[in-house]
>>> print(open('query09.cif').read())   # mmCIF, C-alpha atoms and all ligand atoms
data_input
#
loop_
_atom_site.group_PDB
_atom_site.id
_atom_site.type_symbol
_atom_site.label_atom_id
_atom_site.label_comp_id
_atom_site.auth_asym_id
_atom_site.auth_seq_id
_atom_site.Cartn_x
_atom_site.Cartn_y
_atom_site.Cartn_z
ATOM 1 C CA MET P 1410 -48.755 -1.926 169.991
ATOM 2 C CA ALA P 1411 -49.033 -2.073 173.740
ATOM 3 C CA LEU P 1412 -51.313 0.939 174.086
ATOM 4 C CA THR P 1413 -55.091 0.714 174.227
ATOM 5 C CA LYS P 1414 -57.342 2.976 172.201
ATOM 6 C CA LYS P 1415 -58.310 4.763 175.393
ATOM 7 C CA GLN P 1416 -54.690 5.443 176.294
ATOM 8 C CA LEU P 1417 -54.007 6.739 172.811
ATOM 9 C CA GLU P 1418 -56.971 9.082 173.040
ATOM 10 C CA ALA P 1419 -55.669 10.395 176.362
ATOM 11 C CA PHE P 1420 -52.265 11.036 174.806
ATOM 12 C CA GLU P 1421 -53.824 12.723 171.812
ATOM 13 C CA LYS P 1422 -55.774 15.067 174.057
ATOM 14 C CA GLN P 1423 -52.724 15.771 176.211
ATOM 15 C CA LEU P 1424 -50.642 16.599 173.140
ATOM 16 C CA MET P 1425 -53.304 18.832 171.619
ATOM 17 C CA ASP P 1426 -53.797 20.757 174.865
ATOM 18 C CA TRP P 1427 -50.052 21.162 175.163
ATOM 19 C CA LYS P 1428 -49.777 22.404 171.605
ATOM 20 C CA ALA P 1429 -52.641 24.877 172.076
ATOM 21 C CA GLU P 1430 -50.920 26.235 175.175
ATOM 22 C CA LEU P 1431 -47.634 26.687 173.332
ATOM 23 C CA GLU P 1432 -49.347 28.379 170.422
ATOM 24 C CA ILE P 1433 -50.981 30.908 172.729
ATOM 25 C CA GLY P 1434 -47.549 31.631 174.206
ATOM 26 C CA GLN P 1435 -46.109 32.137 170.740
ATOM 27 C CA SER P 1436 -48.646 34.739 169.686
ATOM 28 C CA GLU P 1437 -48.447 36.516 173.050
ATOM 29 C CA ASN P 1438 -44.697 36.846 172.696
ATOM 30 C CA VAL P 1439 -45.039 38.301 169.238
ATOM 31 C CA HIS P 1440 -47.476 40.838 170.574
ATOM 32 C CA ALA P 1441 -45.236 41.806 173.515
ATOM 33 C CA MET P 1442 -42.271 42.168 171.193
ATOM 34 C CA HIS P 1443 -44.207 44.407 168.893
ATOM 35 C CA GLU P 1444 -45.196 46.682 171.768
ATOM 36 C CA GLN P 1445 -41.572 46.869 172.874
ATOM 37 C CA GLU P 1446 -40.549 48.020 169.453
ATOM 38 C CA LEU P 1447 -43.011 50.856 169.605
ATOM 39 C CA THR P 1448 -41.587 52.137 172.878
ATOM 40 C CA ALA P 1449 -38.684 54.541 172.602
ATOM 41 C CA PHE P 1450 -35.699 53.793 174.825
ATOM 42 C CA PRO P 1451 -33.293 56.740 174.803
ATOM 43 C CA ASP P 1452 -31.051 55.219 177.489
ATOM 44 C CA PRO P 1453 -28.464 52.884 175.866
ATOM 45 C CA THR P 1454 -28.406 50.654 178.973
ATOM 46 C CA ASP P 1455 -32.126 50.086 178.629
ATOM 47 C CA GLN P 1456 -31.658 49.414 174.977
ATOM 48 C CA ALA P 1457 -28.992 46.789 175.691
ATOM 49 C CA SER P 1458 -31.114 44.993 178.235
ATOM 50 C CA MET P 1459 -34.053 45.147 175.866
ATOM 51 C CA GLU P 1460 -31.934 43.436 173.218
ATOM 52 C CA THR P 1461 -30.948 40.708 175.665
ATOM 53 C CA ASP P 1462 -34.587 40.209 176.609
ATOM 54 C CA ARG P 1463 -35.529 39.928 173.006
ATOM 55 C CA ASN P 1464 -32.803 37.379 172.267
ATOM 56 C CA PHE P 1465 -33.985 35.406 175.244
ATOM 57 C CA ASP P 1466 -37.554 35.562 173.969
ATOM 58 C CA LEU P 1467 -36.463 34.429 170.535
ATOM 59 C CA ARG P 1468 -34.524 31.510 171.960
ATOM 60 C CA ILE P 1469 -37.531 30.374 173.971
ATOM 61 C CA LYS P 1470 -39.789 30.834 170.991
ATOM 62 C CA ASP P 1471 -37.455 28.854 168.812
ATOM 63 C CA ARG P 1472 -37.471 26.023 171.340
ATOM 64 C CA GLU P 1473 -41.262 26.170 171.557
ATOM 65 C CA ARG P 1474 -41.587 26.071 167.787
ATOM 66 C CA LYS P 1475 -39.439 22.941 167.683
ATOM 67 C CA LEU P 1476 -41.546 21.425 170.436
ATOM 68 C CA ILE P 1477 -44.757 22.200 168.529
ATOM 69 C CA ARG P 1478 -43.274 20.370 165.547
ATOM 70 C CA LYS P 1479 -42.469 17.384 167.757
ATOM 71 C CA ILE P 1480 -46.011 17.429 169.118
ATOM 72 C CA ASP P 1481 -47.358 17.448 165.559
ATOM 73 C CA GLN P 1482 -45.171 14.473 164.715
ATOM 74 C CA ALA P 1483 -46.389 12.642 167.813
ATOM 75 C CA LEU P 1484 -49.996 13.331 166.778
ATOM 76 C CA ASP P 1485 -49.199 11.951 163.319
ATOM 77 C CA ARG P 1486 -47.786 8.844 164.924
ATOM 78 C CA ILE P 1487 -50.974 8.406 166.949
ATOM 79 C CA ARG P 1488 -53.015 8.598 163.735
ATOM 80 C CA ASP P 1489 -50.700 6.201 161.930
ATOM 81 C CA GLY P 1490 -50.745 3.759 164.821
ATOM 82 C CA GLU P 1491 -47.018 4.146 165.382
ATOM 83 C CA PHE P 1492 -47.207 6.036 168.641
ATOM 84 C CA GLY P 1493 -45.374 4.331 171.475
ATOM 85 C CA GLU P 1494 -43.102 2.443 169.103
ATOM 86 C CA CYS P 1495 -39.366 3.031 169.309
ATOM 87 C CA GLU P 1496 -38.040 4.666 166.151
ATOM 88 C CA SER P 1497 -34.731 2.914 166.476
ATOM 89 C CA CYS P 1498 -35.428 -0.690 167.554
ATOM 90 C CA GLY P 1499 -39.193 -0.918 166.882
ATOM 91 C CA GLY P 1500 -39.860 -2.028 170.444
ATOM 92 C CA ASP P 1501 -42.500 -0.613 172.765
ATOM 93 C CA ILE P 1502 -41.769 2.561 174.682
ATOM 94 C CA SER P 1503 -42.973 2.165 178.260
ATOM 95 C CA ILE P 1504 -46.175 4.002 179.114
ATOM 96 C CA LYS P 1505 -44.438 5.655 182.073
ATOM 97 C CA ARG P 1506 -41.874 7.158 179.739
ATOM 98 C CA LEU P 1507 -44.582 8.308 177.324
ATOM 99 C CA GLN P 1508 -46.512 9.934 180.120
ATOM 100 C CA ALA P 1509 -43.436 11.835 181.249
ATOM 101 C CA ARG P 1510 -42.476 12.800 177.705
ATOM 102 C CA PRO P 1511 -45.180 12.065 175.110
ATOM 103 C CA VAL P 1512 -43.114 13.471 172.231
ATOM 104 C CA THR P 1513 -40.364 10.906 172.671
ATOM 105 C CA THR P 1514 -39.628 8.568 169.761
ATOM 106 C CA LEU P 1515 -37.066 6.338 171.434
ATOM 107 C CA CYS P 1516 -37.365 3.691 174.124
ATOM 108 C CA ILE P 1517 -35.270 4.219 177.215
ATOM 109 C CA GLU P 1518 -32.591 1.733 176.065
ATOM 110 C CA CYS P 1519 -32.110 3.452 172.697
ATOM 111 C CA LYS P 1520 -32.240 6.897 174.293
ATOM 112 C CA THR P 1521 -29.550 5.938 176.789
ATOM 113 C CA LEU P 1522 -27.452 4.545 173.965
ATOM 114 C CA GLN P 1523 -27.939 7.715 171.919
ATOM 115 C CA GLU P 1524 -26.927 9.897 174.849
ATOM 116 C CA GLN P 1525 -23.845 7.826 175.400
ATOM 117 C CA GLU P 1526 -22.911 8.191 171.737
ATOM 118 C CA GLU P 1527 -23.481 11.951 171.887
ATOM 119 C CA ARG P 1528 -21.235 12.206 174.901
ATOM 120 C CA THR P 1529 -18.536 10.214 173.166
ATOM 121 C CA ARG P 1530 -18.721 12.500 170.136
ATOM 122 C CA LEU P 1531 -18.400 15.600 172.277
ATOM 123 C CA THR P 1532 -15.331 14.448 174.160
HETATM 124 ZN ZN ZN P 1601 -35.509 1.235 171.162
#
>>> encode(input="query09.cif", output="structure tokens")
Amino acid sequence: MALTKKQLEAFEKQLMDWKAELEIGQSENVHAMHEQELTAFPDPTDQASMETDRNFDLRIKDRERKLIRKIDQALDRIRDGEFGECESCGGDISIKRLQARPVTTLCIECKTLQEQEERTRLT
């Protein structure tokens, strides 16, 4: 483990703040959606655009929910002392990479490899 206790604490705080922010967003969206439902839209064009808005909201919310789950997993890894360890090769993930994306579970080498494999599968 290349990370110091102090660094881990900083990451833990960063992740918890991030999660709290996302959770506020989630409940706000629910509230806004509920208000929209209570408003009557007699014009079908308005109704259509409202539907699109709602789908957009749901997509964002879905992405946020997945992110919250990733944040939870990262917090678990901090508690288990596995944070900063690559899931694939067991090597250390660079602190720069963790700072840019604290929910990552792969070192840059494994991530690059994974992306290459995904590209190959798609083509
Ligand atoms: Zn790796």
>>> resolve_selection(input="query09.cif", expression="the PyMOL selection byres (((chain P and resi 1506-1518) around 9) and not hetatm)", output="JSON, numbers by chain")
{"P": [1420, 1423, 1424, 1476, 1479, 1480, 1481, 1482, 1483, 1484, 1492, 1493, 1494, 1495, 1496, 1497, 1498, 1499, 1500, 1501, 1502, 1503, 1504, 1505, 1519, 1520, 1521, 1522, 1523]}
>>> write_last_selection(input="query09.cif", atoms="C-alpha atoms", output="mmCIF file, in the coordinates of the input")
data_model
loop_
_atom_site.group_PDB
_atom_site.id
_atom_site.type_symbol
_atom_site.label_atom_id
_atom_site.label_comp_id
_atom_site.auth_asym_id
_atom_site.auth_seq_id
_atom_site.Cartn_x
_atom_site.Cartn_y
_atom_site.Cartn_z
ATOM 1 C CA PHE P 1420 -52.265 11.036 174.806
ATOM 2 C CA GLN P 1423 -52.724 15.771 176.211
ATOM 3 C CA LEU P 1424 -50.642 16.599 173.140
ATOM 4 C CA LEU P 1476 -41.546 21.425 170.436
ATOM 5 C CA LYS P 1479 -42.469 17.384 167.757
ATOM 6 C CA ILE P 1480 -46.011 17.429 169.118
ATOM 7 C CA ASP P 1481 -47.358 17.448 165.559
ATOM 8 C CA GLN P 1482 -45.171 14.473 164.715
ATOM 9 C CA ALA P 1483 -46.389 12.642 167.813
ATOM 10 C CA LEU P 1484 -49.996 13.331 166.778
ATOM 11 C CA PHE P 1492 -47.207 6.036 168.641
ATOM 12 C CA GLY P 1493 -45.374 4.331 171.475
ATOM 13 C CA GLU P 1494 -43.102 2.443 169.103
ATOM 14 C CA CYS P 1495 -39.366 3.031 169.309
ATOM 15 C CA GLU P 1496 -38.040 4.666 166.151
ATOM 16 C CA SER P 1497 -34.731 2.914 166.476
ATOM 17 C CA CYS P 1498 -35.428 -0.690 167.554
ATOM 18 C CA GLY P 1499 -39.193 -0.918 166.882
ATOM 19 C CA GLY P 1500 -39.860 -2.028 170.444
ATOM 20 C CA ASP P 1501 -42.500 -0.613 172.765
ATOM 21 C CA ILE P 1502 -41.769 2.561 174.682
ATOM 22 C CA SER P 1503 -42.973 2.165 178.260
ATOM 23 C CA ILE P 1504 -46.175 4.002 179.114
ATOM 24 C CA LYS P 1505 -44.438 5.655 182.073
ATOM 25 C CA CYS P 1519 -32.110 3.452 172.697
ATOM 26 C CA LYS P 1520 -32.240 6.897 174.293
ATOM 27 C CA THR P 1521 -29.550 5.938 176.789
ATOM 28 C CA LEU P 1522 -27.452 4.545 173.965
ATOM 29 C CA GLN P 1523 -27.939 7.715 171.919
#
>>> closest_residue(input="query09.cif", among="P:Gln1435, P:Arg1463, P:Glu1524, P:Asp1489", to="Leu1417 of chain P", atoms="all atoms listed in the file")
P:Asp1489
>>> resolve_selection(input="query09.cif", expression="the PyMOL selection byres (((chain P and resi 1473) around 12) and not hetatm)", output="list in words")
Trp1427, Lys1428, Ala1429, Glu1430, Leu1431, Glu1432, Ile1433, Gly1434, Gln1435, Ser1436, Asn1438, Asp1466, Leu1467, Arg1468, Ile1469, Lys1470, Asp1471, Arg1472, Arg1474, Lys1475, Leu1476, Ile1477, Arg1478, Lys1479 and Ile1480 of chain P
>>> atom_distance(input="query09.cif", atom1="atom ZN of ligand ZN 1601 (chain P)", atom2="atom CA of Leu1531 of chain P")
22.4 Å
>>> atom_distance(input="query09.cif", atom1="atom CA of Arg1528 of chain P", atom2="atom ZN of ligand ZN 1601 (chain P)")
18.4 Å
>>> atom_distance(input="query09.cif", atom1="atom CA of Met1425 of chain P", atom2="atom CA of Thr1413 of chain P")
18.4 Å
>>> axis_aligned_box(input="query09.cif", around="segment 1473-1480 of chain P", padding_each_side="6 Å", output="AutoDock Vina command-line options")
--center_x -42.7 --center_y 21.8 --center_z 168.6 --size_x 18.6 --size_y 20.8 --size_z 18.0
